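Below is coords-v5.pdb, holding PDB, C-alpha atoms and all ligand atoms.
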MODEL        1
ATOM      1  CA  MET A   1     -31.539 -35.713 -31.594  1.00  0.00           C
ATOM      2  CA  GLU A   2     -32.519 -32.123 -31.020  1.00  0.00           C
ATOM      3  CA  ALA A   3     -33.522 -31.749 -34.637  1.00  0.00           C
ATOM      4  CA  ARG A   4     -35.652 -34.856 -34.379  1.00  0.00           C
ATOM      5  CA  GLY A   5     -37.366 -33.498 -31.270  1.00  0.00           C
ATOM      6  CA  VAL A   6     -38.159 -30.232 -32.995  1.00  0.00           C
ATOM      7  CA  CYS A   7     -39.374 -32.119 -36.018  1.00  0.00           C
ATOM      8  CA  VAL A   8     -41.717 -34.325 -33.976  1.00  0.00           C
ATOM      9  CA  ALA A   9     -43.092 -31.319 -32.083  1.00  0.00           C
ATOM     10  CA  VAL A  10     -43.648 -29.335 -35.250  1.00  0.00           C
ATOM     11  CA  SER A  11     -45.250 -32.302 -36.998  1.00  0.00           C
ATOM     12  CA  ILE A  12     -47.634 -32.839 -34.112  1.00  0.00           C
ATOM     13  CA  LEU A  13     -48.512 -29.154 -34.041  1.00  0.00           C
ATOM     14  CA  VAL A  14     -49.127 -29.076 -37.775  1.00  0.00           C
ATOM     15  CA  PHE A  15     -51.148 -32.264 -37.539  1.00  0.00           C
ATOM     16  CA  CYS A  16     -53.297 -30.830 -34.760  1.00  0.00           C
ATOM     17  CA  LEU A  17     -53.839 -27.463 -36.380  1.00  0.00           C
ATOM     18  CA  VAL A  18     -54.161 -28.385 -40.018  1.00  0.00           C
ATOM     19  CA  LEU A  19     -55.467 -31.928 -40.121  1.00  0.00           C
ATOM     20  CA  VAL A  20     -57.339 -32.716 -36.956  1.00  0.00           C
ATOM     21  CA  GLU A  21     -59.476 -29.617 -36.572  1.00  0.00           C
ATOM     22  CA  PRO A  22     -61.221 -29.784 -39.929  1.00  0.00           C
ATOM     23  CA  CYS A  23     -61.755 -33.534 -39.393  1.00  0.00           C
ATOM     24  CA  TYR A  24     -64.100 -32.745 -36.548  1.00  0.00           C
ATOM     25  CA  GLY A  25     -66.673 -31.380 -38.962  1.00  0.00           C
ATOM     26  CA  SER A  26     -66.029 -27.726 -38.340  1.00  0.00           C
ATOM     27  CA  VAL A  27     -68.747 -25.483 -39.689  1.00  0.00           C
ATOM     28  CA  LEU A  28     -68.066 -22.107 -41.271  1.00  0.00           C
ATOM     29  CA  PHE A  29     -70.287 -19.331 -39.979  1.00  0.00           C
ATOM     30  CA  SER A  30     -70.460 -17.903 -43.512  1.00  0.00           C
ATOM     31  CA  SER A  31     -72.031 -21.170 -44.701  1.00  0.00           C
ATOM     32  CA  LEU A  32     -74.982 -20.914 -42.300  1.00  0.00           C
ATOM     33  CA  LYS A  33     -78.360 -19.593 -43.368  1.00  0.00           C
ATOM     34  CA  LYS A  34     -79.962 -16.863 -41.325  1.00  0.00           C
ATOM     35  CA  THR A  35     -83.183 -18.624 -40.423  1.00  0.00           C
ATOM     36  CA  LEU A  36     -83.970 -17.470 -36.901  1.00  0.00           C
ATOM     37  CA  ASP A  37     -85.561 -14.187 -35.948  1.00  0.00           C
ATOM     38  CA  VAL A  38     -84.010 -13.192 -32.639  1.00  0.00           C
ATOM     39  CA  THR A  39     -84.789 -10.250 -30.372  1.00  0.00           C
ATOM     40  CA  ALA A  40     -83.417  -9.077 -27.036  1.00  0.00           C
ATOM     41  CA  SER A  41     -85.067  -6.592 -24.695  1.00  0.00           C
ATOM     42  CA  PRO A  42     -82.229  -4.063 -24.122  1.00  0.00           C
ATOM     43  CA  LYS A  43     -82.445  -0.855 -26.105  1.00  0.00           C
ATOM     44  CA  GLN A  44     -79.570   0.332 -28.280  1.00  0.00           C
ATOM     45  CA  ASP A  45     -76.704   1.478 -25.998  1.00  0.00           C
ATOM     46  CA  GLN A  46     -78.511   0.508 -22.797  1.00  0.00           C
ATOM     47  CA  VAL A  47     -76.073  -0.609 -20.104  1.00  0.00           C
ATOM     48  CA  LEU A  48     -76.995  -3.574 -17.893  1.00  0.00           C
ATOM     49  CA  LEU A  49     -75.444  -4.458 -14.568  1.00  0.00           C
ATOM     50  CA  ALA A  50     -73.912  -7.915 -14.393  1.00  0.00           C
ATOM     51  CA  GLY A  51     -75.454 -10.055 -11.662  1.00  0.00           C
ATOM     52  CA  GLU A  52     -78.497  -7.759 -11.395  1.00  0.00           C
ATOM     53  CA  ASP A  53     -80.257  -6.797 -14.602  1.00  0.00           C
ATOM     54  CA  LYS A  54     -82.270  -9.171 -16.699  1.00  0.00           C
ATOM     55  CA  ILE A  55     -82.801  -9.438 -20.411  1.00  0.00           C
ATOM     56  CA  THR A  56     -85.558 -11.201 -22.293  1.00  0.00           C
ATOM     57  CA  VAL A  57     -84.598 -12.935 -25.512  1.00  0.00           C
ATOM     58  CA  THR A  58     -87.041 -14.332 -28.060  1.00  0.00           C
ATOM     59  CA  TRP A  59     -86.480 -16.547 -31.063  1.00  0.00           C
ATOM     60  CA  VAL A  60     -88.574 -18.137 -33.790  1.00  0.00           C
ATOM     61  CA  VAL A  61     -87.805 -19.724 -37.141  1.00  0.00           C
ATOM     62  CA  ASN A  62     -88.629 -17.126 -39.788  1.00  0.00           C
ATOM     63  CA  ASN A  63     -91.886 -18.403 -41.260  1.00  0.00           C
ATOM     64  CA  SER A  64     -91.343 -16.806 -44.661  1.00  0.00           C
ATOM     65  CA  LEU A  65     -88.601 -19.364 -45.395  1.00  0.00           C
ATOM     66  CA  PRO A  66     -89.360 -22.469 -47.516  1.00  0.00           C
ATOM     67  CA  ALA A  67     -91.107 -25.304 -45.662  1.00  0.00           C
ATOM     68  CA  GLY A  68     -88.658 -27.902 -44.354  1.00  0.00           C
ATOM     69  CA  THR A  69     -85.925 -25.337 -43.606  1.00  0.00           C
ATOM     70  CA  ASN A  70     -86.113 -26.346 -39.951  1.00  0.00           C
ATOM     71  CA  SER A  71     -86.627 -30.105 -40.409  1.00  0.00           C
ATOM     72  CA  ALA A  72     -83.187 -30.981 -39.020  1.00  0.00           C
ATOM     73  CA  TYR A  73     -83.328 -28.554 -36.094  1.00  0.00           C
ATOM     74  CA  LYS A  74     -83.100 -30.260 -32.719  1.00  0.00           C
ATOM     75  CA  THR A  75     -81.747 -27.632 -30.337  1.00  0.00           C
ATOM     76  CA  ILE A  76     -81.573 -23.862 -30.169  1.00  0.00           C
ATOM     77  CA  LYS A  77     -78.764 -22.274 -28.174  1.00  0.00           C
ATOM     78  CA  VAL A  78     -78.852 -18.563 -27.455  1.00  0.00           C
ATOM     79  CA  LYS A  79     -75.599 -16.767 -26.684  1.00  0.00           C
ATOM     80  CA  LEU A  80     -74.273 -13.387 -25.671  1.00  0.00           C
ATOM     81  CA  CYS A  81     -71.692 -12.187 -28.199  1.00  0.00           C
ATOM     82  CA  TYR A  82     -69.006  -9.505 -28.258  1.00  0.00           C
ATOM     83  CA  ALA A  83     -69.581  -6.580 -30.606  1.00  0.00           C
ATOM     84  CA  PRO A  84     -66.583  -5.611 -32.798  1.00  0.00           C
ATOM     85  CA  VAL A  85     -65.789  -2.590 -30.595  1.00  0.00           C
ATOM     86  CA  SER A  86     -65.110  -4.970 -27.671  1.00  0.00           C
ATOM     87  CA  GLN A  87     -63.048  -7.418 -29.747  1.00  0.00           C
ATOM     88  CA  LYS A  88     -60.458  -4.942 -30.945  1.00  0.00           C
ATOM     89  CA  ASP A  89     -56.953  -5.884 -29.711  1.00  0.00           C
ATOM     90  CA  ARG A  90     -58.406  -8.837 -27.788  1.00  0.00           C
ATOM     91  CA  ALA A  91     -57.367 -12.054 -29.504  1.00  0.00           C
ATOM     92  CA  TRP A  92     -59.340 -14.104 -26.973  1.00  0.00           C
ATOM     93  CA  ARG A  93     -62.591 -12.661 -28.314  1.00  0.00           C
ATOM     94  CA  LYS A  94     -61.692 -12.855 -31.976  1.00  0.00           C
ATOM     95  CA  THR A  95     -64.252 -13.742 -34.633  1.00  0.00           C
ATOM     96  CA  GLU A  96     -63.271 -16.707 -36.803  1.00  0.00           C
ATOM     97  CA  ASP A  97     -65.374 -18.066 -39.630  1.00  0.00           C
ATOM     98  CA  ASN A  98     -64.615 -21.585 -38.388  1.00  0.00           C
ATOM     99  CA  LEU A  99     -67.090 -21.923 -35.530  1.00  0.00           C
ATOM    100  CA  LYS A 100     -64.796 -24.279 -33.608  1.00  0.00           C
ATOM    101  CA  LYS A 101     -62.315 -21.419 -33.303  1.00  0.00           C
ATOM    102  CA  ASP A 102     -64.762 -18.547 -33.105  1.00  0.00           C
ATOM    103  CA  LYS A 103     -64.658 -16.666 -29.825  1.00  0.00           C
ATOM    104  CA  THR A 104     -67.374 -14.108 -30.531  1.00  0.00           C
ATOM    105  CA  CYS A 105     -70.121 -15.741 -28.476  1.00  0.00           C
ATOM    106  CA  GLN A 106     -68.686 -16.971 -25.208  1.00  0.00           C
ATOM    107  CA  HIS A 107     -71.583 -16.610 -22.808  1.00  0.00           C
ATOM    108  CA  LYS A 108     -74.408 -19.086 -22.988  1.00  0.00           C
ATOM    109  CA  ILE A 109     -77.840 -17.654 -22.261  1.00  0.00           C
ATOM    110  CA  VAL A 110     -80.034 -20.700 -22.766  1.00  0.00           C
ATOM    111  CA  SER A 111     -80.245 -24.012 -24.607  1.00  0.00           C
ATOM    112  CA  ARG A 112     -83.683 -25.379 -25.504  1.00  0.00           C
ATOM    113  CA  PRO A 113     -84.899 -28.392 -27.469  1.00  0.00           C
ATOM    114  CA  TYR A 114     -86.555 -27.291 -30.699  1.00  0.00           C
ATOM    115  CA  ASP A 115     -90.070 -28.430 -31.477  1.00  0.00           C
ATOM    116  CA  ALA A 116     -90.826 -27.887 -35.183  1.00  0.00           C
ATOM    117  CA  SER A 117     -94.575 -28.253 -34.598  1.00  0.00           C
ATOM    118  CA  ASN A 118     -94.607 -25.359 -32.150  1.00  0.00           C
ATOM    119  CA  LYS A 119     -94.822 -22.091 -34.089  1.00  0.00           C
ATOM    120  CA  THR A 120     -95.008 -19.973 -30.937  1.00  0.00           C
ATOM    121  CA  VAL A 121     -92.262 -17.413 -30.434  1.00  0.00           C
ATOM    122  CA  GLN A 122     -90.002 -18.844 -27.710  1.00  0.00           C
ATOM    123  CA  SER A 123     -88.696 -16.586 -25.010  1.00  0.00           C
ATOM    124  CA  PHE A 124     -86.404 -16.696 -22.045  1.00  0.00           C
ATOM    125  CA  GLU A 125     -85.626 -14.249 -19.274  1.00  0.00           C
ATOM    126  CA  TRP A 126     -81.961 -14.238 -18.274  1.00  0.00           C
ATOM    127  CA  ARG A 127     -80.211 -12.455 -15.485  1.00  0.00           C
ATOM    128  CA  VAL A 128     -76.837 -11.266 -16.794  1.00  0.00           C
ATOM    129  CA  GLU A 129     -74.400 -13.550 -15.005  1.00  0.00           C
ATOM    130  CA  LYS A 130     -71.867 -12.160 -12.571  1.00  0.00           C
ATOM    131  CA  ASP A 131     -68.871 -13.288 -14.609  1.00  0.00           C
ATOM    132  CA  VAL A 132     -69.870 -11.348 -17.737  1.00  0.00           C
ATOM    133  CA  PRO A 133     -67.165  -8.726 -18.354  1.00  0.00           C
ATOM    134  CA  THR A 134     -67.762  -5.086 -19.162  1.00  0.00           C
ATOM    135  CA  ALA A 135     -68.207  -4.898 -22.930  1.00  0.00           C
ATOM    136  CA  THR A 136     -70.625  -4.200 -25.763  1.00  0.00           C
ATOM    137  CA  TYR A 137     -72.747  -7.128 -26.844  1.00  0.00           C
ATOM    138  CA  PHE A 138     -75.433  -8.506 -29.119  1.00  0.00           C
ATOM    139  CA  VAL A 139     -77.369 -11.774 -28.959  1.00  0.00           C
ATOM    140  CA  ARG A 140     -77.080 -14.635 -31.424  1.00  0.00           C
ATOM    141  CA  ALA A 141     -78.948 -17.949 -31.554  1.00  0.00           C
ATOM    142  CA  PHE A 142     -77.742 -21.099 -33.280  1.00  0.00           C
ATOM    143  CA  ALA A 143     -79.856 -24.023 -34.430  1.00  0.00           C
ATOM    144  CA  TYR A 144     -78.210 -27.443 -34.031  1.00  0.00           C
ATOM    145  CA  ASP A 145     -79.057 -30.774 -35.644  1.00  0.00           C
ATOM    146  CA  SER A 146     -79.133 -34.157 -33.888  1.00  0.00           C
ATOM    147  CA  ASN A 147     -75.307 -34.359 -34.086  1.00  0.00           C
ATOM    148  CA  ASP A 148     -74.968 -31.024 -32.312  1.00  0.00           C
ATOM    149  CA  VAL A 149     -73.703 -29.369 -35.486  1.00  0.00           C
ATOM    150  CA  GLU A 150     -74.728 -25.789 -36.331  1.00  0.00           C
ATOM    151  CA  VAL A 151     -77.296 -25.666 -39.132  1.00  0.00           C
ATOM    152  CA  GLY A 152     -78.756 -22.177 -38.883  1.00  0.00           C
ATOM    153  CA  TYR A 153     -78.565 -18.956 -36.929  1.00  0.00           C
ATOM    154  CA  GLY A 154     -80.135 -15.614 -36.193  1.00  0.00           C
ATOM    155  CA  GLN A 155     -78.996 -12.510 -34.331  1.00  0.00           C
ATOM    156  CA  THR A 156     -80.325  -9.286 -32.891  1.00  0.00           C
ATOM    157  CA  THR A 157     -77.892  -7.105 -34.833  1.00  0.00           C
ATOM    158  CA  ASN A 158     -77.346  -6.555 -38.556  1.00  0.00           C
ATOM    159  CA  ASP A 159     -74.663  -8.342 -40.597  1.00  0.00           C
ATOM    160  CA  LYS A 160     -72.134  -5.573 -39.902  1.00  0.00           C
ATOM    161  CA  LYS A 161     -72.967  -5.780 -36.169  1.00  0.00           C
ATOM    162  CA  THR A 162     -73.678  -2.074 -35.801  1.00  0.00           C
ATOM    163  CA  THR A 163     -77.329  -2.055 -34.667  1.00  0.00           C
ATOM    164  CA  ASN A 164     -79.069  -3.118 -31.441  1.00  0.00           C
ATOM    165  CA  LEU A 165     -75.886  -3.293 -29.395  1.00  0.00           C
ATOM    166  CA  PHE A 166     -76.025  -2.990 -25.623  1.00  0.00           C
ATOM    167  CA  GLY A 167     -73.528  -2.822 -22.829  1.00  0.00           C
ATOM    168  CA  VAL A 168     -72.823  -4.791 -19.698  1.00  0.00           C
ATOM    169  CA  GLN A 169     -71.168  -3.185 -16.708  1.00  0.00           C
ATOM    170  CA  ALA A 170     -69.260  -5.812 -14.746  1.00  0.00           C
ATOM    171  CA  ILE A 171     -69.127  -6.034 -11.006  1.00  0.00           C
ATOM    172  CA  SER A 172     -66.095  -3.820 -10.430  1.00  0.00           C
ATOM    173  CA  GLY A 173     -62.738  -5.570 -10.397  1.00  0.00           C
ATOM    174  CA  ARG A 174     -64.065  -8.564 -12.302  1.00  0.00           C
ATOM    175  CA  HIS A 175     -63.044  -7.317 -15.669  1.00  0.00           C
ATOM    176  CA  ALA A 176     -59.359  -7.137 -14.846  1.00  0.00           C
ATOM    177  CA  SER A 177     -59.278 -10.558 -13.197  1.00  0.00           C
ATOM    178  CA  LEU A 178     -60.931 -12.194 -16.207  1.00  0.00           C
ATOM    179  CA  ASP A 179     -58.463 -10.592 -18.572  1.00  0.00           C
ATOM    180  CA  ILE A 180     -55.631 -11.903 -16.409  1.00  0.00           C
ATOM    181  CA  THR A 181     -57.118 -15.396 -16.553  1.00  0.00           C
ATOM    182  CA  ALA A 182     -57.147 -15.213 -20.339  1.00  0.00           C
ATOM    183  CA  ALA A 183     -53.524 -14.065 -20.393  1.00  0.00           C
ATOM    184  CA  CYS A 184     -52.552 -16.933 -18.058  1.00  0.00           C
ATOM    185  CA  PHE A 185     -54.146 -19.472 -20.364  1.00  0.00           C
ATOM    186  CA  SER A 186     -52.181 -18.127 -23.324  1.00  0.00           C
ATOM    187  CA  ALA A 187     -48.963 -18.304 -21.326  1.00  0.00           C
ATOM    188  CA  PHE A 188     -49.861 -21.834 -20.237  1.00  0.00           C
ATOM    189  CA  SER A 189     -50.134 -23.047 -23.832  1.00  0.00           C
ATOM    190  CA  VAL A 190     -46.728 -21.580 -24.688  1.00  0.00           C
ATOM    191  CA  ILE A 191     -45.176 -23.192 -21.604  1.00  0.00           C
ATOM    192  CA  SER A 192     -46.746 -26.554 -22.490  1.00  0.00           C
ATOM    193  CA  LEU A 193     -44.979 -26.398 -25.827  1.00  0.00           C
ATOM    194  CA  PHE A 194     -41.617 -25.832 -24.133  1.00  0.00           C
ATOM    195  CA  VAL A 195     -42.260 -28.675 -21.700  1.00  0.00           C
ATOM    196  CA  PHE A 196     -43.035 -30.890 -24.656  1.00  0.00           C
ATOM    197  CA  PHE A 197     -39.749 -29.938 -26.339  1.00  0.00           C
ATOM    198  CA  TYR A 198     -37.867 -30.614 -23.115  1.00  0.00           C
ATOM    199  CA  ILE A 199     -39.404 -34.070 -22.661  1.00  0.00           C
ATOM    200  CA  GLU A 200     -38.623 -34.955 -26.244  1.00  0.00           C
ATOM    201  CA  LYS A 201     -35.020 -33.850 -25.755  1.00  0.00           C
ATOM    202  CA  ARG A 202     -34.700 -35.924 -22.580  1.00  0.00           C
ATOM    203  CA  LYS A 203     -36.132 -38.957 -24.331  1.00  0.00           C
ATOM    204  CA  GLY A 204     -33.687 -38.443 -27.165  1.00  0.00           C
ATOM    205  CA  LYS A 205     -30.705 -38.332 -24.749  1.00  0.00           C
ATOM    206  CA  ALA A 206     -31.948 -41.367 -22.817  1.00  0.00           C
ATOM    207  CA  SER A 207     -32.177 -43.503 -25.924  1.00  0.00           C
ATOM    208  CA  GLN A 208     -28.716 -42.368 -27.004  1.00  0.00           C
ATOM    209  CA  GLN A 209     -27.177 -43.592 -23.754  1.00  0.00           C
ATOM    210  CA  LYS A 210     -28.594 -47.109 -24.080  1.00  0.00           C
TER     211      LYS A 210
HETATM  212  C1  LIG B   1     -87.642 -13.421 -42.738  1.00  0.00           C
HETATM  213  O1  LIG B   1     -87.150 -13.837 -44.007  1.00  0.00           O
HETATM  214  C2  LIG B   1     -87.460 -12.947 -45.038  1.00  0.00           C
HETATM  215  C3  LIG B   1     -87.013 -13.616 -46.343  1.00  0.00           C
HETATM  216  O2  LIG B   1     -85.686 -14.039 -46.260  1.00  0.00           O
HETATM  217  C4  LIG B   1     -86.789 -11.615 -44.794  1.00  0.00           C
HETATM  218  O3  LIG B   1     -87.106 -10.700 -45.822  1.00  0.00           O
HETATM  219  C5  LIG B   1     -87.301 -11.050 -43.470  1.00  0.00           C
HETATM  220  O4  LIG B   1     -86.627  -9.860 -43.154  1.00  0.00           O
HETATM  221  C6  LIG B   1     -87.086 -12.066 -42.356  1.00  0.00           C
HETATM  222  N1  LIG B   1     -87.700 -11.566 -41.146  1.00  0.00           N
HETATM  223  C7  LIG B   1     -87.000 -11.111 -40.129  1.00  0.00           C
HETATM  224  C8  LIG B   1     -87.792 -10.625 -38.969  1.00  0.00           C
HETATM  225  O5  LIG B   1     -85.761 -11.106 -40.123  1.00  0.00           O
HETATM  226  C1  LIG B   2     -95.055 -24.002 -27.477  1.00  0.00           C
HETATM  227  O1  LIG B   2     -94.138 -23.066 -26.932  1.00  0.00           O
HETATM  228  C2  LIG B   2     -94.697 -22.248 -25.905  1.00  0.00           C
HETATM  229  C3  LIG B   2     -93.663 -21.203 -25.517  1.00  0.00           C
HETATM  230  O2  LIG B   2     -92.469 -21.793 -25.068  1.00  0.00           O
HETATM  231  C4  LIG B   2     -95.125 -23.125 -24.736  1.00  0.00           C
HETATM  232  O3  LIG B   2     -95.677 -22.340 -23.707  1.00  0.00           O
HETATM  233  C5  LIG B   2     -96.129 -24.157 -25.202  1.00  0.00           C
HETATM  234  O4  LIG B   2     -96.438 -25.044 -24.155  1.00  0.00           O
HETATM  235  C6  LIG B   2     -95.581 -24.940 -26.409  1.00  0.00           C
HETATM  236  N1  LIG B   2     -96.629 -25.776 -26.953  1.00  0.00           N
HETATM  237  C7  LIG B   2     -96.472 -27.088 -27.134  1.00  0.00           C
HETATM  238  C8  LIG B   2     -97.616 -27.792 -27.775  1.00  0.00           C
HETATM  239  O5  LIG B   2     -95.447 -27.693 -26.824  1.00  0.00           O
ENDMDL
END
Go ahead and render the structure in this file as structure tokens.
Amino acid sequence: MEARGVCVAVSILVFCLVLVEPCYGSVLFSSLKKTLDVTASPKQDQVLLAGEDKITVTWVVNNSLPAGTNSAYKTIKVKLCYAPVSQKDRAWRKTEDNLKKDKTCQHKIVSRPYDASNKTVQSFEWRVEKDVPTATYFVRAFAYDSNDVEVGYGQTTNDKKTTNLFGVQAISGRHASLDITAACFSAFSVISLFVFFYIEKRKGKASQQK
């Protein structure tokens, strides 16, 4: 019975991880074309105070691209993303090519409908939210189609993510509490797995007694 329980749990895990995820039309970042020109106001290495300082982001579809590049674009979402230096040894900020799993860009700045007939550079002023942890960041924008699937992107930094990086200084004490939250979530998922095993085992015993 125990072996069966383990088997069921492992099968479900494998099914979830291997089969289900790709079924949901996951997009690889490496497959996206860089079509948006994105800028952000902070200077290289400038440090902004969370909850106080503002940044202005701008975005526009690069007009030197072939006509029709943006025909499927419906929404533009602009996000604040961790630079590699702030991802090191932090699995919860890890970059994954599969955008469903990618944790690089966790803080939403703005989401706007995209109007292909409007060639004006779009801009948005954003106050760095209070829950943004101390780290080094850049800004990335994604273009989405009508199914809310990523179809293009642009970012303020270069491909290696070494230029135009800026810092955020959290409200003191916040950083630690956020990290603890992340650790708790990881622990929670491990505990869930054990609970699942336990329930399966109980079920197995119950059916044996009948
Ligand atoms: C726009 O696209 C062209 C051609 O791909 C590229 O050379 C240029 O650098 C892009 N402009 C910006 C501002 O990224
Ligand atoms: C184009 O975008 C600009 C900047 O967001 C906006 O002010 C303007 O009203 C838009 N024009 C049209 C025709 O929607």
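Ranking A:Ala187, A:Tyr153, A:Lys161, A:Asp115 by their shortest atom-to-atom distance to ligand LIG 1 (chain B), with only C-alpha atoms and all ligand atoms included, puts A:Tyr153 first.
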Task: Proximity to ligand LIG 1 (chain B) - best of A:Val61, A:Val78, A:Ala67, A:Ala40, all atoms listed in the file - done: A:Val61
Open item on the list: Neighbouring residues of ligand LIG 2 (chain B) are defined here as those with any atom at most 9 Å from a ligand atom, counting only C-alpha atoms and all ligand atoms; list them as a list in words.
Closed with: Asp115, Ser117, Asn118, Lys119, Thr120, Val121, Gln122, Ser123 and Phe124 of chain A
Take the residues just selected and output them with C-alpha atoms as a PDB file, in the frame of the given file.
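The resulting again01.pdb:
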ATOM      1  CA  ASP A 115     -90.070 -28.430 -31.477  1.00  0.00           C
ATOM      2  CA  SER A 117     -94.575 -28.253 -34.598  1.00  0.00           C
ATOM      3  CA  ASN A 118     -94.607 -25.359 -32.150  1.00  0.00           C
ATOM      4  CA  LYS A 119     -94.822 -22.091 -34.089  1.00  0.00           C
ATOM      5  CA  THR A 120     -95.008 -19.973 -30.937  1.00  0.00           C
ATOM      6  CA  VAL A 121     -92.262 -17.413 -30.434  1.00  0.00           C
ATOM      7  CA  GLN A 122     -90.002 -18.844 -27.710  1.00  0.00           C
ATOM      8  CA  SER A 123     -88.696 -16.586 -25.010  1.00  0.00           C
ATOM      9  CA  PHE A 124     -86.404 -16.696 -22.045  1.00  0.00           C
TER      10      PHE A 124
END
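Residue nearest ligand LIG 1 (chain B) within the list A:Gly167, A:Pro66, A:Pro113, A:Pro42: A:Pro66 [criterion: smallest interatomic distance, only C-alpha atoms and all ligand atoms].
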TODO: Run the PyMOL selection byres (((not hetatm)) within 10 of (chain B and resi 1)) against the file shown and list the residues it catches, as a ChimeraX atom specification.
DONE: /A:33-39,59-66,154-156,158
Task: Explicit residues for the PyMOL selection byres (((chain A and resi 31) around 9) and not hetatm) (as an NGL selection string) - done: :A and (27-30 or 32-33 or 97 or 151-152)
Using the selection just defined, write its residues with C-alpha atoms as a tab-separated table (two decimals), in the frame of the given file.
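again-v8.tsv written:
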chain	number	residue	atom	x	y	z
A	27	VAL	CA	-68.75	-25.48	-39.69
A	28	LEU	CA	-68.07	-22.11	-41.27
A	29	PHE	CA	-70.29	-19.33	-39.98
A	30	SER	CA	-70.46	-17.90	-43.51
A	32	LEU	CA	-74.98	-20.91	-42.30
A	33	LYS	CA	-78.36	-19.59	-43.37
A	97	ASP	CA	-65.37	-18.07	-39.63
A	151	VAL	CA	-77.30	-25.67	-39.13
A	152	GLY	CA	-78.76	-22.18	-38.88
